[in-house]
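K.L.:
Handing you this structure, nothing more for now.
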Amino acid sequence: MLSRLLIAALALFATAAQAHHDELSVVVINGVTVVHPELEGAAVLQPDSTVIIQGSRILAVTQHTTMELPQGAQVIDGRGKWLIPGLVDAHVHFFQSGNLYTRPDAADFNAVVPYAQEVARNKARLDATFKVWLANGVTGVVDIGGPFWNFDMRDRAAKTDAAPRVAVAGPLISMIADPPLDLDDPPIIKIDTPEAGLELVKRELARNPDFIKVWFIYDKGDDVAAHEAIVKAAGDAAHAAGKRLAVHATELVVAKASLRAGADYLVHSVFDEPVDDEFIALAKKNNIIYCPTLFVEESYELALSNKWRATPEEQTRADPEILAAMDDLNDIPADKRPPIVTKLMQAENPAKDPVIGMQNLKKVHDAGITIVMGTDAGNIGTLHGPSIYREMRLMQQSGLTPLEILRAATTNGAIALGKPNDLGVVEAGRLADLVLLDADPLVDSGNLAKVNRVIKDGIVYDPEALMKSIR
Ligand SMILES: [Zn+2]
């Protein structure tokens with residue numbers, strides 16, 4: 001009865017269905033199975049539900065109700081479909097495109113495409129990249145480190161309807177220099193002392209970052225304690241300003257050093273050896289989020305050995321410009337191939353699943369640490385958007401259930417975005433960032449690719465139309 005009254009009241013305000021943003025526009029999804037990844041057991045699925053969205057927020061989620069439809073409401077038939085919170089990729093980089101030319105520090109293709117041209121392309125292509133994310137059901141991303149223009153990118157996304165919500169970190173506080181990426185606004189800055197670290201953190205805090213990020217690169221023989229002091233100085237300054245500290249630390253020794261230094265977010269699984277009890281205890285003490293980011297290493301190996309092949313999702317929902325460039329190695333003469341490429345092209349099995357990283361994901365997850373889903377999109381072979389399905393496949397192979405993966409990619413993703421109370425759950429009052437699926441995501445996480453509609457900020461998008469609009 002309450003919902004009937006609600007709808008009647010709404011009818012007074014609802015105007016004709018509009019594609020653009022309108023505080024009074026109403027969207028009704030009828031007969032849908034609402035998925036609650038934050039819950040367990042039978043409560044996860046709420047069948048035969050009606051979801052009402054007004055403006056940018058969810059107004060009501062009701063069950064087994066028949067109601068009069070408000071005049072002018074946009075009505076979506078949700079029968080035989082599943083409604084989930086919008087997905088969050090908690091680890092991306094917009095200054096990178098995913099093509100061969102995007103990381104000259106890993107493979108120098110400057111002789112084919114100058115790096116400056118590649119970065120300029122990525123900057124100019126942001127609106128298309130935003131649409132690609134939405135078309136894949138991703139309504140929020142965390143760009144966890146890039147040039148200072150990352151902050152302008154966040155502003156641009158916030159002003160653009162057809163864009164995911166974006167949280168950002170600025171340039172990475174790094175243990176090593178990375179000259180091939182050093183244009184006039186470098187994404188990675190070598191820091192030698194805690195004081196120098198503080199100086200950079202200060203410059204970033206002036207732009208209101210969502211995270212301060214450290215690139216804790218480790219080589220045998222490194223003075224880990226000295227590096228830990230830099231991370232701690234950065235972390236203390238971040239925390240004093242109410243910001244979280246994210247760290248790239250892929251070896252157990254530096255992952256533990258990062259946690260001692262106050263890390264809130266580890267952006268990769270630990271890949272070199274099994275995590276131990278000390279690691280788990282430190283992770284729990286810091287109440288961290290842990291993003292396994294499993295596919296990215298393999299993606300380099302596949303792309304640089306010319307063995308990368310587009311998945312069905314990549315064929316239809318990757319940026320067509322990037323997709324077209326993924327087999328450029330067929331045309332690049334041997335004398336212009338970087339040595340790493342020559343080596344990988346000759347290797348029998350150049351790409352392997354990260355077995356230790358996958359085992360560690362399972363162990364960390366089972367210990368009760370908060371897992372998020374992230375791809376490191378933008379790195380060579382990890383394309384913005386559809387690479388999430390590759391990542392989630394590896395998470396499933398690691399032993400996480402489809403529900404656990406969905407939770408990582410939605411409810412926990414909202415924590416990564418810094419909006420745990422506004423996103424990540426389908427309930428009244430939350431922002432209307434939602435995905436309507438044609439298949440049950442609890443049967444197989446691959447069903448998350450069956451995107452029927454994407455709703456961001458209350459606006460409904462057809463993924464196919466989004467993709468067509470960028471061709
Ligand atoms: Zn990254």
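Letters A, B, ... mark the chains of the structure tokens in the order given; residue numbers begin at 1 per chain; ligand numbers begin at 1, in order shown.
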Excluding Asn349 in chain A and any residue of its chain fewer than 4 positions from it, enumerate the residues within 10 Å of it, using only C-alpha atoms, and give them as a list of chain:residue names.

P.N.:
A:Glu301, A:Leu302, A:Ser305, A:Lys307, A:Leu344, A:Met345

K.L.:
Could you list, as a ChimeraX atom specification, all residues that come within 9 Å of ligand 1? Count only C-alpha atoms and all ligand atoms.

P.N.:
/A:91-93,143-145,215,248,267-268,293,296,375-379

K.L.:
Contacts of Lys468 in chain A at 12 Å or less, counting only C-alpha atoms, minus same-chain residues fewer than 2 places along, as a JSON list (two decimals) with N, CA and C atoms, in the first residue's frame?

P.N.:
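Resulting contents of selection-v2.json:
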```json
[["chain", "number", "residue", "atom", "x", "y", "z"],
["A", 128, "ALA", "N", 35.65, 8.47, -24.58],
["A", 128, "ALA", "CA", 35.40, 7.13, -25.13],
["A", 128, "ALA", "C", 35.73, 6.06, -24.09],
["A", 131, "LYS", "N", 33.00, 5.71, -21.61],
["A", 131, "LYS", "CA", 31.84, 4.96, -22.13],
["A", 131, "LYS", "C", 32.10, 3.46, -22.16],
["A", 132, "VAL", "N", 33.33, 3.10, -22.51],
["A", 132, "VAL", "CA", 33.69, 1.68, -22.53],
["A", 132, "VAL", "C", 33.50, 1.07, -21.13],
["A", 135, "ALA", "N", 29.79, 0.57, -20.51],
["A", 135, "ALA", "CA", 29.24, -0.49, -21.35],
["A", 135, "ALA", "C", 29.53, -1.88, -20.78],
["A", 316, "THR", "N", 33.52, -7.19, -28.51],
["A", 316, "THR", "CA", 32.34, -6.33, -28.63],
["A", 316, "THR", "C", 32.38, -5.10, -27.73],
["A", 317, "ARG", "N", 33.13, -5.17, -26.62],
["A", 317, "ARG", "CA", 33.06, -4.07, -25.66],
["A", 317, "ARG", "C", 34.41, -3.54, -25.20],
["A", 318, "ALA", "N", 35.41, -3.59, -26.12],
["A", 318, "ALA", "CA", 36.66, -2.85, -25.88],
["A", 318, "ALA", "C", 36.65, -1.64, -26.79],
["A", 319, "ASP", "N", 37.44, -0.63, -26.45],
["A", 319, "ASP", "CA", 37.60, 0.52, -27.35],
["A", 319, "ASP", "C", 38.08, -0.02, -28.70],
["A", 320, "PRO", "N", 37.30, 0.19, -29.77],
["A", 320, "PRO", "CA", 37.67, -0.39, -31.07],
["A", 320, "PRO", "C", 39.05, 0.07, -31.56],
["A", 461, "TYR", "N", 21.49, 3.19, -19.61],
["A", 461, "TYR", "CA", 22.26, 3.06, -20.85],
["A", 461, "TYR", "C", 22.14, 1.66, -21.41],
["A", 462, "ASP", "N", 22.07, 1.61, -22.75],
["A", 462, "ASP", "CA", 22.15, 0.35, -23.47],
["A", 462, "ASP", "C", 23.62, 0.16, -23.86],
["A", 463, "PRO", "N", 24.25, -0.93, -23.41],
["A", 463, "PRO", "CA", 25.69, -1.08, -23.68],
["A", 463, "PRO", "C", 26.04, -1.02, -25.18],
["A", 464, "GLU", "N", 25.16, -1.60, -26.00],
["A", 464, "GLU", "CA", 25.43, -1.58, -27.45],
["A", 464, "GLU", "C", 25.42, -0.16, -28.00],
["A", 465, "ALA", "N", 24.43, 0.61, -27.53],
["A", 465, "ALA", "CA", 24.33, 2.00, -28.00],
["A", 465, "ALA", "C", 25.55, 2.80, -27.54],
["A", 466, "LEU", "N", 26.01, 2.52, -26.32],
["A", 466, "LEU", "CA", 27.22, 3.21, -25.83],
["A", 466, "LEU", "C", 28.40, 2.92, -26.74],
["A", 470, "ILE", "N", 30.80, 5.46, -29.80],
["A", 470, "ILE", "CA", 32.22, 5.83, -29.83],
["A", 470, "ILE", "C", 32.91, 5.32, -31.09],
["A", 471, "ARG", "N", 32.21, 4.67, -31.98],
["A", 471, "ARG", "CA", 32.87, 4.18, -33.20],
["A", 471, "ARG", "C", 33.11, 5.28, -34.20]]
```

K.L.:
Neighbouring residues of Asp331 in chain A were defined as those with any atom within 12 Å, considering only C-alpha atoms; residues of the same chain fewer than 6 positions away were excluded. Please report them as a ChimeraX atom specification.

P.N.:
/A:112,306,325,337

K.L.:
For Pro104 in chain A, which residue among A:Val138, A:Ile340, A:Val254, A:Ala241 is the nearest when counting only C-alpha atoms?

P.N.:
A:Ile340

K.L.:
May I have the residues within 6 Å of range 187-203 of chain A as a list in words, using only C-alpha atoms and disregarding those fewer than 6 positions away in the same chain?

P.N.:
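Answer for this query is Gly146, Pro147, Pro171, Leu172, Ile173, Ser174, Met175, Ile176, Ala177, Ile230, Ala233 and Ala234 of chain A.
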
K.L.:
Report, in Å with one decimal, the straight-line distance from CA of Lys123 in chain A to CA of Phe94 in chain A.

P.N.:
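It comes out at 7.9 Å.
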
K.L.:
Using CA of Lys343 in chain A and CA of Leu329 in chain A as the two end points, give the distance in Å to one decimal.

P.N.:
13.5 Å

K.L.:
How many Å separate CA of Glu118 in chain A from CA of Gly385 in chain A?

P.N.:
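Interatomic distance, CA of Glu118 in chain A to CA of Gly385 in chain A: 18.7 Å.
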
K.L.:
So, with only C-alpha atoms as the atoms that count, which of A:Leu323, A:Ala347, A:Met395, A:Ile380 lies closest to His365 in chain A?

P.N.:
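So, comparing all the options, the nearest one is A:Met395.
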
K.L.:
Report the residues of range 45-290 of chain A whose backbone DSSP state falls under strand (DSSP E), written as a PyMOL selection string.

P.N.:
chain A and resi 45-54+57-63+74-77+82-85+87-92+138-144+165-169+172-174+188-190+211-215+244-248+265-266+289-290

K.L.:
From the list A:Thr129, A:Asp264, A:Arg309, A:Gln54, which residue is nearest Ala428 in chain A when using only C-alpha atoms?

P.N.:
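The answer is A:Gln54, which sits nearest to Ala428 in chain A.
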
K.L.:
Which residues are close to range 430-434 of chain A, i.e. within 6 Å by only C-alpha atoms, leaving aside same-chain residues fewer than 5 positions away? Reply as a ChimeraX atom specification.

P.N.:
/A:56-58,84-86,422-423,455-458

K.L.:
Between A:Thr139, A:Gly381, A:Val27, A:Val32, single out the one closest to Gln96 in chain A, counting only C-alpha atoms.

P.N.:
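Among the listed residues, the smallest separation from Gln96 in chain A belongs to A:Gly381.
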